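What follows is input_39.pdb (PDB, C-alpha atoms).
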ATOM      1  CA  MET J   1      17.193  31.870  -4.982  1.00  0.00           C
ATOM      2  CA  ALA J   2      16.095  32.144  -8.626  1.00  0.00           C
ATOM      3  CA  VAL J   3      16.263  28.374  -8.996  1.00  0.00           C
ATOM      4  CA  ARG J   4      13.928  27.933  -6.030  1.00  0.00           C
ATOM      5  CA  GLN J   5      11.421  30.430  -7.441  1.00  0.00           C
ATOM      6  CA  LYS J   6      11.464  28.633 -10.791  1.00  0.00           C
ATOM      7  CA  ALA J   7      10.898  25.286  -9.065  1.00  0.00           C
ATOM      8  CA  VAL J   8       8.008  26.680  -7.014  1.00  0.00           C
ATOM      9  CA  ALA J   9       6.443  28.218 -10.150  1.00  0.00           C
ATOM     10  CA  THR J  10       6.678  24.866 -11.984  1.00  0.00           C
ATOM     11  CA  LEU J  11       5.122  22.848  -9.147  1.00  0.00           C
ATOM     12  CA  PRO J  12       1.407  23.514  -9.954  1.00  0.00           C
ATOM     13  CA  THR J  13       1.922  22.459 -13.587  1.00  0.00           C
ATOM     14  CA  LEU J  14       3.706  19.302 -12.489  1.00  0.00           C
ATOM     15  CA  MET J  15       0.945  18.428  -9.987  1.00  0.00           C
ATOM     16  CA  ARG J  16      -1.764  18.870 -12.656  1.00  0.00           C
ATOM     17  CA  ALA J  17       0.152  16.634 -15.066  1.00  0.00           C
ATOM     18  CA  LEU J  18       0.574  13.922 -12.415  1.00  0.00           C
ATOM     19  CA  ARG J  19      -3.133  14.012 -11.493  1.00  0.00           C
ATOM     20  CA  ASN J  20      -4.152  13.614 -15.134  1.00  0.00           C
ATOM     21  CA  GLN J  21      -2.050  10.477 -15.611  1.00  0.00           C
ATOM     22  CA  SER J  22      -4.072   7.280 -15.245  1.00  0.00           C
ATOM     23  CA  PRO J  23      -2.226   3.977 -14.856  1.00  0.00           C
ATOM     24  CA  SER J  24      -3.881   1.944 -17.629  1.00  0.00           C
ATOM     25  CA  ILE J  25      -0.790  -0.244 -18.036  1.00  0.00           C
ATOM     26  CA  PRO J  26       0.925  -2.050 -15.181  1.00  0.00           C
ATOM     27  CA  GLN J  27       2.812   0.479 -13.117  1.00  0.00           C
ATOM     28  CA  ARG J  28       6.119  -0.393 -11.523  1.00  0.00           C
ATOM     29  CA  LEU J  29       6.570   0.566  -7.923  1.00  0.00           C
ATOM     30  CA  PRO J  30       9.895   2.236  -7.193  1.00  0.00           C
ATOM     31  CA  SER J  31      12.546   0.226  -5.448  1.00  0.00           C
ATOM     32  CA  LEU J  32      11.445   0.465  -1.865  1.00  0.00           C
ATOM     33  CA  ARG J  33      14.861  -0.338  -0.476  1.00  0.00           C
ATOM     34  CA  ARG J  34      15.942   3.099  -1.551  1.00  0.00           C
ATOM     35  CA  GLY J  35      14.908   6.472  -0.207  1.00  0.00           C
ATOM     36  CA  PHE J  36      14.447   9.034  -2.936  1.00  0.00           C
ATOM     37  CA  SER J  37      15.181  12.710  -2.569  1.00  0.00           C
ATOM     38  CA  LEU J  38      15.525  15.541  -5.043  1.00  0.00           C
ATOM     39  CA  TYR J  39      19.284  15.266  -4.851  1.00  0.00           C
ATOM     40  CA  ASP J  40      20.337  11.643  -4.537  1.00  0.00           C
ATOM     41  CA  GLN J  41      19.316   8.068  -3.841  1.00  0.00           C
ATOM     42  CA  VAL J  42      20.277   6.590  -0.521  1.00  0.00           C
ATOM     43  CA  ASN J  43      20.184   2.848   0.101  1.00  0.00           C
ATOM     44  CA  LEU J  44      18.353   2.478   3.400  1.00  0.00           C
ATOM     45  CA  ILE J  45      18.167  -1.294   3.812  1.00  0.00           C
ATOM     46  CA  ASP J  46      20.645  -3.949   2.695  1.00  0.00           C
ATOM     47  CA  ASN J  47      20.417  -7.731   2.709  1.00  0.00           C
ATOM     48  CA  VAL J  48      16.620  -8.082   2.527  1.00  0.00           C
ATOM     49  CA  PRO J  49      15.722 -11.812   2.601  1.00  0.00           C
ATOM     50  CA  GLU J  50      14.616 -13.205  -0.762  1.00  0.00           C
ATOM     51  CA  ASP J  51      11.599 -14.981   0.781  1.00  0.00           C
ATOM     52  CA  GLN J  52      10.106 -11.691   1.952  1.00  0.00           C
ATOM     53  CA  LEU J  53       6.947 -10.481   0.186  1.00  0.00           C
ATOM     54  CA  ARG J  54       7.452  -7.434  -2.013  1.00  0.00           C
ATOM     55  CA  PHE J  55       4.787  -5.674  -4.054  1.00  0.00           C
ATOM     56  CA  GLN J  56       6.467  -4.866  -7.353  1.00  0.00           C
ATOM     57  CA  GLY J  57       3.606  -3.428  -9.372  1.00  0.00           C
ATOM     58  CA  TYR J  58      -0.122  -2.944  -9.702  1.00  0.00           C
ATOM     59  CA  THR J  59      -2.847  -2.777 -12.327  1.00  0.00           C
ATOM     60  CA  ASP J  60      -6.477  -1.729 -12.157  1.00  0.00           C
ATOM     61  CA  SER J  61      -7.395  -5.340 -11.385  1.00  0.00           C
ATOM     62  CA  GLY J  62      -4.549  -6.737  -9.285  1.00  0.00           C
ATOM     63  CA  PHE J  63      -0.967  -6.706  -8.070  1.00  0.00           C
ATOM     64  CA  THR J  64       2.441  -8.157  -8.867  1.00  0.00           C
ATOM     65  CA  VAL J  65       4.077  -9.730  -5.814  1.00  0.00           C
ATOM     66  CA  ASN J  66       7.536 -11.325  -6.002  1.00  0.00           C
ATOM     67  CA  GLY J  67       7.243 -11.569  -9.781  1.00  0.00           C
ATOM     68  CA  VAL J  68       3.807 -13.239  -9.763  1.00  0.00           C
ATOM     69  CA  GLU J  69       0.687 -11.410 -10.987  1.00  0.00           C
ATOM     70  CA  TYR J  70      -2.406 -11.745  -8.794  1.00  0.00           C
ATOM     71  CA  GLU J  71      -5.907 -10.680  -9.800  1.00  0.00           C
ATOM     72  CA  GLY J  72      -8.352  -9.236  -7.282  1.00  0.00           C
ATOM     73  CA  SER J  73      -8.025  -8.226  -3.660  1.00  0.00           C
ATOM     74  CA  LEU J  74      -5.190  -9.487  -1.461  1.00  0.00           C
ATOM     75  CA  LEU J  75      -4.676  -9.947   2.253  1.00  0.00           C
ATOM     76  CA  CYS J  76      -1.094 -10.014   3.568  1.00  0.00           C
ATOM     77  CA  VAL J  77       0.068 -10.806   7.066  1.00  0.00           C
ATOM     78  CA  GLY J  78       3.831 -10.697   7.446  1.00  0.00           C
ATOM     79  CA  ASN J  79       4.981 -12.898   4.565  1.00  0.00           C
ATOM     80  CA  LEU J  80       1.672 -14.759   4.142  1.00  0.00           C
ATOM     81  CA  LEU J  81      -0.306 -13.792   1.019  1.00  0.00           C
ATOM     82  CA  LEU J  82      -3.991 -14.704   0.643  1.00  0.00           C
ATOM     83  CA  SER J  83      -6.682 -14.016  -1.910  1.00  0.00           C
ATOM     84  CA  TRP J  84      -9.320 -11.782  -0.275  1.00  0.00           C
ATOM     85  CA  THR J  85     -13.042 -11.765  -1.067  1.00  0.00           C
ATOM     86  CA  PRO J  86     -14.068  -8.054  -0.878  1.00  0.00           C
ATOM     87  CA  LYS J  87     -14.242  -6.251  -4.209  1.00  0.00           C
ATOM     88  CA  THR J  88     -15.316  -2.805  -2.922  1.00  0.00           C
ATOM     89  CA  MET J  89     -15.146  -0.895   0.355  1.00  0.00           C
ATOM     90  CA  SER J  90     -18.770  -1.795   1.127  1.00  0.00           C
ATOM     91  CA  ASP J  91     -17.822  -5.512   0.961  1.00  0.00           C
ATOM     92  CA  ILE J  92     -15.320  -5.128   3.813  1.00  0.00           C
ATOM     93  CA  THR J  93     -16.908  -6.485   6.975  1.00  0.00           C
ATOM     94  CA  ILE J  94     -15.823  -7.801  10.337  1.00  0.00           C
ATOM     95  CA  ASP J  95     -16.153 -11.328   8.885  1.00  0.00           C
ATOM     96  CA  SER J  96     -13.786 -10.492   6.020  1.00  0.00           C
ATOM     97  CA  LEU J  97     -11.209  -9.328   8.578  1.00  0.00           C
ATOM     98  CA  SER J  98     -11.862 -12.075  11.160  1.00  0.00           C
ATOM     99  CA  ILE J  99      -8.462 -13.682  10.468  1.00  0.00           C
ATOM    100  CA  PHE J 100      -6.982 -10.994  12.715  1.00  0.00           C
ATOM    101  CA  GLN J 101      -8.710 -12.528  15.745  1.00  0.00           C
ATOM    102  CA  ALA J 102      -6.557 -15.643  15.297  1.00  0.00           C
ATOM    103  CA  VAL J 103      -3.247 -14.358  13.886  1.00  0.00           C
ATOM    104  CA  ARG J 104      -0.313 -14.348  16.299  1.00  0.00           C
ATOM    105  CA  PRO J 105       1.766 -12.336  16.750  1.00  0.00           C
ATOM    106  CA  ILE J 106      -0.704  -9.525  16.267  1.00  0.00           C
ATOM    107  CA  PRO J 107       0.472  -7.071  13.579  1.00  0.00           C
ATOM    108  CA  GLU J 108       1.115  -3.567  14.868  1.00  0.00           C
ATOM    109  CA  ILE J 109      -0.737  -2.011  11.957  1.00  0.00           C
ATOM    110  CA  LEU J 110      -3.247  -2.954   9.274  1.00  0.00           C
ATOM    111  CA  ILE J 111      -2.773  -1.010   6.062  1.00  0.00           C
ATOM    112  CA  LEU J 112      -6.092  -0.902   4.238  1.00  0.00           C
ATOM    113  CA  GLY J 113      -5.734  -0.221   0.504  1.00  0.00           C
ATOM    114  CA  THR J 114      -9.013   1.403  -0.532  1.00  0.00           C
ATOM    115  CA  GLY J 115      -8.549   1.292  -4.322  1.00  0.00           C
ATOM    116  CA  ARG J 116      -7.804   4.343  -6.462  1.00  0.00           C
ATOM    117  CA  TYR J 117      -8.897   6.910  -3.874  1.00  0.00           C
ATOM    118  CA  ILE J 118      -8.784   7.170  -0.099  1.00  0.00           C
ATOM    119  CA  GLN J 119     -12.227   6.276   1.210  1.00  0.00           C
ATOM    120  CA  PRO J 120     -13.777   6.492   4.680  1.00  0.00           C
ATOM    121  CA  VAL J 121     -13.734   3.336   6.779  1.00  0.00           C
ATOM    122  CA  ASP J 122     -16.903   2.200   8.529  1.00  0.00           C
ATOM    123  CA  PRO J 123     -16.656   3.053  12.274  1.00  0.00           C
ATOM    124  CA  VAL J 124     -17.643  -0.549  13.114  1.00  0.00           C
ATOM    125  CA  ILE J 125     -14.600  -1.792  11.173  1.00  0.00           C
ATOM    126  CA  ARG J 126     -12.344   0.765  12.897  1.00  0.00           C
ATOM    127  CA  LYS J 127     -13.614  -0.359  16.302  1.00  0.00           C
ATOM    128  CA  PHE J 128     -13.057  -4.028  15.407  1.00  0.00           C
ATOM    129  CA  ILE J 129      -9.469  -3.379  14.263  1.00  0.00           C
ATOM    130  CA  ARG J 130      -8.730  -1.447  17.473  1.00  0.00           C
ATOM    131  CA  SER J 131     -10.192  -4.332  19.524  1.00  0.00           C
ATOM    132  CA  THR J 132      -7.601  -6.705  18.008  1.00  0.00           C
ATOM    133  CA  GLY J 133      -4.771  -4.444  19.197  1.00  0.00           C
ATOM    134  CA  MET J 134      -3.821  -3.121  15.748  1.00  0.00           C
ATOM    135  CA  LYS J 135      -3.734   0.384  14.396  1.00  0.00           C
ATOM    136  CA  LEU J 136      -5.502   1.113  11.100  1.00  0.00           C
ATOM    137  CA  GLU J 137      -4.168   3.166   8.195  1.00  0.00           C
ATOM    138  CA  ALA J 138      -6.549   3.532   5.234  1.00  0.00           C
ATOM    139  CA  ILE J 139      -4.900   4.871   2.060  1.00  0.00           C
ATOM    140  CA  ASP J 140      -5.125   4.313  -1.689  1.00  0.00           C
ATOM    141  CA  SER J 141      -3.921   0.865  -2.776  1.00  0.00           C
ATOM    142  CA  ARG J 142      -0.827   2.070  -4.634  1.00  0.00           C
ATOM    143  CA  ASN J 143       0.549   3.799  -1.547  1.00  0.00           C
ATOM    144  CA  ALA J 144      -0.694   1.010   0.723  1.00  0.00           C
ATOM    145  CA  SER J 145       1.382  -1.581  -1.149  1.00  0.00           C
ATOM    146  CA  SER J 146       4.469   0.644  -0.998  1.00  0.00           C
ATOM    147  CA  THR J 147       3.967   1.297   2.714  1.00  0.00           C
ATOM    148  CA  TYR J 148       3.588  -2.443   3.331  1.00  0.00           C
ATOM    149  CA  ASN J 149       6.894  -3.070   1.539  1.00  0.00           C
ATOM    150  CA  ILE J 150       8.740  -0.488   3.592  1.00  0.00           C
ATOM    151  CA  LEU J 151       7.397  -1.632   6.967  1.00  0.00           C
ATOM    152  CA  ASN J 152       7.892  -5.320   6.108  1.00  0.00           C
ATOM    153  CA  GLU J 153      11.479  -4.672   5.001  1.00  0.00           C
ATOM    154  CA  GLU J 154      12.110  -2.913   8.307  1.00  0.00           C
ATOM    155  CA  GLY J 155      11.184  -6.169  10.025  1.00  0.00           C
ATOM    156  CA  ARG J 156       7.989  -4.814  11.562  1.00  0.00           C
ATOM    157  CA  ILE J 157       4.956  -7.055  11.964  1.00  0.00           C
ATOM    158  CA  VAL J 158       2.525  -5.543   9.504  1.00  0.00           C
ATOM    159  CA  ALA J 159      -0.643  -6.586   7.661  1.00  0.00           C
ATOM    160  CA  ALA J 160      -2.272  -5.272   4.497  1.00  0.00           C
ATOM    161  CA  ALA J 161      -5.779  -5.681   3.104  1.00  0.00           C
ATOM    162  CA  LEU J 162      -5.732  -4.358  -0.458  1.00  0.00           C
ATOM    163  CA  LEU J 163      -8.461  -3.729  -2.984  1.00  0.00           C
ATOM    164  CA  PRO J 164      -7.232  -3.451  -6.601  1.00  0.00           C
ATOM    165  CA  TYR J 165      -6.220   0.027  -7.732  1.00  0.00           C
ATOM    166  CA  GLY J 166      -9.107   0.213 -10.233  1.00  0.00           C
ATOM    167  CA  VAL J 167     -11.724   0.154  -7.438  1.00  0.00           C
ATOM    168  CA  THR J 168     -13.301   3.602  -7.110  1.00  0.00           C
ATOM    169  CA  SER J 169     -16.215   3.062  -4.714  1.00  0.00           C
TER     170      SER J 169
END
As structure tokens, what does this structure read like?
Amino acid sequence: MAVRQKAVATLPTLMRALRNQSPSIPQRLPSLRRGFSLYDQVNLIDNVPEDQLRFQGYTDSGFTVNGVEYEGSLLCVGNLLLSWTPKTMSDITIDSLSIFQAVRPIPEILILGTGRYIQPVDPVIRKFIRSTGMKLEAIDSRNASSTYNILNEEGRIVAAALLPYGVTS
């Protein structure tokens, strides 16, 4: 019981330290084929195909995918990777997402990476995404890239539209 109390007492200090860290150098994403717990690492998925897209890192201005560094925003559908025009949340329009009217099979979910912080999504964009048959999850770009990796490795049909992590508005 004393160990638990010590851990709980240390948690606020740890959270403050993590919030104050800013990724100014490329940050490595953890291996997403492993589930991490406080006690052990458990390999969840074996034999992931080598041709599958995997986000391996991020910077304030881009991402590392399968060992290649890309600058700017990216759009991923399954294992297709495209450069994407929007640079901020206000640049995201129905036209910038119009590829989803033609893509088949339709992804079950679009993970929208909003930059450094979670930002609200325009209701018009939400309505458009719903009209294509997809669900929308808007989260910060670091977590969006990790979520994309996990769902893609599970074999689910997933899409991601990611702004670089340095985007703040």
Which residues match the PyMOL selection byres ((chain J and resi 140) around 9) in the file above, as number ranges by chain? J: 112-119, 138-139, 141-145, 162-163, 165
If you count only C-alpha atoms, the residue of J:Gly72, J:Gln52, J:Arg16, J:Lys6 closest to J:Gly166 turns out to be J:Gly72
Taking all atoms listed in the file into account, name the residue in J:Pro107, J:Gly57, J:Gly62, J:Pro12 that is nearest to J:Lys87. J:Gly62
Select, from J:Asp122, J:Ala161, J:Ala9, J:Thr147, the residue with the minimum atom-to-atom distance to J:Leu80, counting all atoms listed in the file. J:Ala161
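Rounded to one decimal, atom CA of J:Thr93 and atom CA of J:Ala160 lie 14.9 Å from each other.
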Using all atoms listed in the file, the best pick from J:Ile94, J:Ala159, J:Leu81, J:Ile99 as closest to J:Ile111 would be J:Ala159
Around (6.1, -2.2, 2.6) in the file's own coordinates, what residues are found within 12 Å if you use all atoms listed in the file, given back as a ChimeraX atom specification? /J:29-34,52-56,65,76-79,109-111,141-160
Taking the file above as input, evaluate the PyMOL selection byres ((chain J and resi 71) around 9) and report the hits as an MDAnalysis selection string. chainID J and resid 59 61:64 69:70 72:74 83 164
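Across the model, the gap from atom CA of J:Ile125 to atom CA of J:Ile92 is 8.1 Å.
Residues in contact with J:Ala102 at up to 10 Å, not including ones fewer than 4 positions away on its chain and judged by only C-alpha atoms, are Ser98, Ile106 and Thr132 of chain J.
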Could you write out that same residue set with C-alpha atoms as a PDB file, keeping the file's coordinate frame?
ATOM      1  CA  SER J  98     -11.862 -12.075  11.160  1.00  0.00           C
ATOM      2  CA  ILE J 106      -0.704  -9.525  16.267  1.00  0.00           C
ATOM      3  CA  THR J 132      -7.601  -6.705  18.008  1.00  0.00           C
TER       4      THR J 132
END
Just save stretch 109-151 of chain J with N, CA and C atoms, as a PDB file, in the first residue's frame.
ATOM      1  N   ILE J 109     -12.535   4.944 -40.432  1.00  0.00           N
ATOM      2  CA  ILE J 109     -12.281   6.109 -39.601  1.00  0.00           C
ATOM      3  C   ILE J 109     -11.232   7.002 -40.253  1.00  0.00           C
ATOM      4  N   LEU J 110     -11.413   8.309 -40.091  1.00  0.00           N
ATOM      5  CA  LEU J 110     -10.409   9.288 -40.487  1.00  0.00           C
ATOM      6  C   LEU J 110      -9.833   9.866 -39.208  1.00  0.00           C
ATOM      7  N   ILE J 111      -8.537   9.705 -39.034  1.00  0.00           N
ATOM      8  CA  ILE J 111      -7.848  10.268 -37.877  1.00  0.00           C
ATOM      9  C   ILE J 111      -7.263  11.600 -38.323  1.00  0.00           C
ATOM     10  N   LEU J 112      -7.750  12.666 -37.740  1.00  0.00           N
ATOM     11  CA  LEU J 112      -7.297  14.009 -38.102  1.00  0.00           C
ATOM     12  C   LEU J 112      -6.283  14.484 -37.070  1.00  0.00           C
ATOM     13  N   GLY J 113      -5.034  14.630 -37.491  1.00  0.00           N
ATOM     14  CA  GLY J 113      -3.967  15.128 -36.619  1.00  0.00           C
ATOM     15  C   GLY J 113      -3.961  16.644 -36.671  1.00  0.00           C
ATOM     16  N   THR J 114      -4.286  17.290 -35.564  1.00  0.00           N
ATOM     17  CA  THR J 114      -4.517  18.735 -35.544  1.00  0.00           C
ATOM     18  C   THR J 114      -3.287  19.548 -35.164  1.00  0.00           C
ATOM     19  N   GLY J 115      -2.105  18.957 -35.169  1.00  0.00           N
ATOM     20  CA  GLY J 115      -0.894  19.678 -34.786  1.00  0.00           C
ATOM     21  C   GLY J 115      -0.520  19.371 -33.348  1.00  0.00           C
ATOM     22  N   ARG J 116       0.014  20.353 -32.649  1.00  0.00           N
ATOM     23  CA  ARG J 116       0.488  20.154 -31.279  1.00  0.00           C
ATOM     24  C   ARG J 116      -0.658  19.938 -30.286  1.00  0.00           C
ATOM     25  N   TYR J 117      -1.766  20.604 -30.513  1.00  0.00           N
ATOM     26  CA  TYR J 117      -2.893  20.538 -29.576  1.00  0.00           C
ATOM     27  C   TYR J 117      -4.154  20.065 -30.286  1.00  0.00           C
ATOM     28  N   ILE J 118      -5.053  19.468 -29.523  1.00  0.00           N
ATOM     29  CA  ILE J 118      -6.355  19.087 -30.068  1.00  0.00           C
ATOM     30  C   ILE J 118      -7.121  20.379 -30.339  1.00  0.00           C
ATOM     31  N   GLN J 119      -7.692  20.473 -31.528  1.00  0.00           N
ATOM     32  CA  GLN J 119      -8.425  21.672 -31.911  1.00  0.00           C
ATOM     33  C   GLN J 119      -9.808  21.276 -32.403  1.00  0.00           C
ATOM     34  N   PRO J 120     -10.780  22.182 -32.263  1.00  0.00           N
ATOM     35  CA  PRO J 120     -12.137  21.861 -32.731  1.00  0.00           C
ATOM     36  C   PRO J 120     -12.180  21.753 -34.254  1.00  0.00           C
ATOM     37  N   VAL J 121     -13.032  20.875 -34.726  1.00  0.00           N
ATOM     38  CA  VAL J 121     -13.199  20.659 -36.167  1.00  0.00           C
ATOM     39  C   VAL J 121     -14.478  21.374 -36.603  1.00  0.00           C
ATOM     40  N   ASP J 122     -14.377  22.078 -37.710  1.00  0.00           N
ATOM     41  CA  ASP J 122     -15.518  22.801 -38.272  1.00  0.00           C
ATOM     42  C   ASP J 122     -16.695  21.827 -38.454  1.00  0.00           C
ATOM     43  N   PRO J 123     -17.897  22.195 -38.004  1.00  0.00           N
ATOM     44  CA  PRO J 123     -19.065  21.311 -38.162  1.00  0.00           C
ATOM     45  C   PRO J 123     -19.344  20.928 -39.615  1.00  0.00           C
ATOM     46  N   VAL J 124     -19.011  21.793 -40.562  1.00  0.00           N
ATOM     47  CA  VAL J 124     -19.199  21.464 -41.984  1.00  0.00           C
ATOM     48  C   VAL J 124     -18.293  20.299 -42.371  1.00  0.00           C
ATOM     49  N   ILE J 125     -17.066  20.304 -41.865  1.00  0.00           N
ATOM     50  CA  ILE J 125     -16.121  19.211 -42.142  1.00  0.00           C
ATOM     51  C   ILE J 125     -16.626  17.925 -41.503  1.00  0.00           C
ATOM     52  N   ARG J 126     -17.078  18.011 -40.250  1.00  0.00           N
ATOM     53  CA  ARG J 126     -17.630  16.819 -39.572  1.00  0.00           C
ATOM     54  C   ARG J 126     -18.786  16.217 -40.375  1.00  0.00           C
ATOM     55  N   LYS J 127     -19.679  17.075 -40.837  1.00  0.00           N
ATOM     56  CA  LYS J 127     -20.840  16.605 -41.603  1.00  0.00           C
ATOM     57  C   LYS J 127     -20.389  15.947 -42.909  1.00  0.00           C
ATOM     58  N   PHE J 128     -19.400  16.539 -43.570  1.00  0.00           N
ATOM     59  CA  PHE J 128     -18.880  15.961 -44.814  1.00  0.00           C
ATOM     60  C   PHE J 128     -18.285  14.573 -44.556  1.00  0.00           C
ATOM     61  N   ILE J 129     -17.472  14.445 -43.525  1.00  0.00           N
ATOM     62  CA  ILE J 129     -16.847  13.150 -43.209  1.00  0.00           C
ATOM     63  C   ILE J 129     -17.924  12.105 -42.916  1.00  0.00           C
ATOM     64  N   ARG J 130     -18.929  12.468 -42.135  1.00  0.00           N
ATOM     65  CA  ARG J 130     -20.033  11.537 -41.855  1.00  0.00           C
ATOM     66  C   ARG J 130     -20.747  11.133 -43.148  1.00  0.00           C
ATOM     67  N   SER J 131     -20.898  12.076 -44.092  1.00  0.00           N
ATOM     68  CA  SER J 131     -21.611  11.775 -45.337  1.00  0.00           C
ATOM     69  C   SER J 131     -20.858  10.761 -46.200  1.00  0.00           C
ATOM     70  N   THR J 132     -19.548  10.628 -45.998  1.00  0.00           N
ATOM     71  CA  THR J 132     -18.768   9.643 -46.756  1.00  0.00           C
ATOM     72  C   THR J 132     -18.878   8.246 -46.137  1.00  0.00           C
ATOM     73  N   GLY J 133     -19.407   8.171 -44.918  1.00  0.00           N
ATOM     74  CA  GLY J 133     -19.526   6.880 -44.240  1.00  0.00           C
ATOM     75  C   GLY J 133     -18.408   6.616 -43.244  1.00  0.00           C
ATOM     76  N   MET J 134     -17.536   7.600 -43.030  1.00  0.00           N
ATOM     77  CA  MET J 134     -16.432   7.430 -42.077  1.00  0.00           C
ATOM     78  C   MET J 134     -16.780   8.066 -40.740  1.00  0.00           C
ATOM     79  N   LYS J 135     -16.075   7.627 -39.730  1.00  0.00           N
ATOM     80  CA  LYS J 135     -16.099   8.282 -38.432  1.00  0.00           C
ATOM     81  C   LYS J 135     -14.897   9.213 -38.385  1.00  0.00           C
ATOM     82  N   LEU J 136     -14.957  10.246 -37.541  1.00  0.00           N
ATOM     83  CA  LEU J 136     -13.870  11.209 -37.439  1.00  0.00           C
ATOM     84  C   LEU J 136     -13.340  11.238 -36.016  1.00  0.00           C
ATOM     85  N   GLU J 137     -12.021  11.162 -35.893  1.00  0.00           N
ATOM     86  CA  GLU J 137     -11.339  11.297 -34.607  1.00  0.00           C
ATOM     87  C   GLU J 137     -10.294  12.391 -34.761  1.00  0.00           C
ATOM     88  N   ALA J 138     -10.463  13.507 -34.082  1.00  0.00           N
ATOM     89  CA  ALA J 138      -9.518  14.621 -34.158  1.00  0.00           C
ATOM     90  C   ALA J 138      -8.682  14.648 -32.879  1.00  0.00           C
ATOM     91  N   ILE J 139      -7.370  14.428 -33.023  1.00  0.00           N
ATOM     92  CA  ILE J 139      -6.451  14.428 -31.888  1.00  0.00           C
ATOM     93  C   ILE J 139      -5.140  15.080 -32.316  1.00  0.00           C
ATOM     94  N   ASP J 140      -4.257  15.337 -31.358  1.00  0.00           N
ATOM     95  CA  ASP J 140      -2.971  15.936 -31.711  1.00  0.00           C
ATOM     96  C   ASP J 140      -2.215  14.993 -32.653  1.00  0.00           C
ATOM     97  N   SER J 141      -1.328  15.563 -33.462  1.00  0.00           N
ATOM     98  CA  SER J 141      -0.685  14.791 -34.536  1.00  0.00           C
ATOM     99  C   SER J 141       0.206  13.663 -34.038  1.00  0.00           C
ATOM    100  N   ARG J 142       0.838  13.839 -32.896  1.00  0.00           N
ATOM    101  CA  ARG J 142       1.689  12.768 -32.358  1.00  0.00           C
ATOM    102  C   ARG J 142       0.845  11.533 -32.061  1.00  0.00           C
ATOM    103  N   ASN J 143      -0.254  11.716 -31.362  1.00  0.00           N
ATOM    104  CA  ASN J 143      -1.125  10.585 -31.040  1.00  0.00           C
ATOM    105  C   ASN J 143      -1.878  10.083 -32.262  1.00  0.00           C
ATOM    106  N   ALA J 144      -2.174  10.975 -33.196  1.00  0.00           N
ATOM    107  CA  ALA J 144      -2.856  10.554 -34.428  1.00  0.00           C
ATOM    108  C   ALA J 144      -1.985   9.588 -35.231  1.00  0.00           C
ATOM    109  N   SER J 145      -0.684   9.889 -35.331  1.00  0.00           N
ATOM    110  CA  SER J 145       0.201   9.000 -36.093  1.00  0.00           C
ATOM    111  C   SER J 145       0.344   7.648 -35.404  1.00  0.00           C
ATOM    112  N   SER J 146       0.409   7.648 -34.090  1.00  0.00           N
ATOM    113  CA  SER J 146       0.479   6.375 -33.346  1.00  0.00           C
ATOM    114  C   SER J 146      -0.805   5.576 -33.506  1.00  0.00           C
ATOM    115  N   THR J 147      -1.939   6.241 -33.422  1.00  0.00           N
ATOM    116  CA  THR J 147      -3.229   5.563 -33.578  1.00  0.00           C
ATOM    117  C   THR J 147      -3.356   4.975 -34.978  1.00  0.00           C
ATOM    118  N   TYR J 148      -2.920   5.726 -35.986  1.00  0.00           N
ATOM    119  CA  TYR J 148      -2.927   5.219 -37.360  1.00  0.00           C
ATOM    120  C   TYR J 148      -2.107   3.931 -37.452  1.00  0.00           C
ATOM    121  N   ASN J 149      -0.911   3.944 -36.867  1.00  0.00           N
ATOM    122  CA  ASN J 149      -0.062   2.747 -36.904  1.00  0.00           C
ATOM    123  C   ASN J 149      -0.775   1.543 -36.314  1.00  0.00           C
ATOM    124  N   ILE J 150      -1.358   1.734 -35.159  1.00  0.00           N
ATOM    125  CA  ILE J 150      -2.008   0.616 -34.462  1.00  0.00           C
ATOM    126  C   ILE J 150      -3.163   0.064 -35.288  1.00  0.00           C
ATOM    127  N   LEU J 151      -4.046   0.946 -35.761  1.00  0.00           N
ATOM    128  CA  LEU J 151      -5.208   0.478 -36.521  1.00  0.00           C
ATOM    129  C   LEU J 151      -4.787  -0.143 -37.846  1.00  0.00           C
TER     130      LEU J 151
END
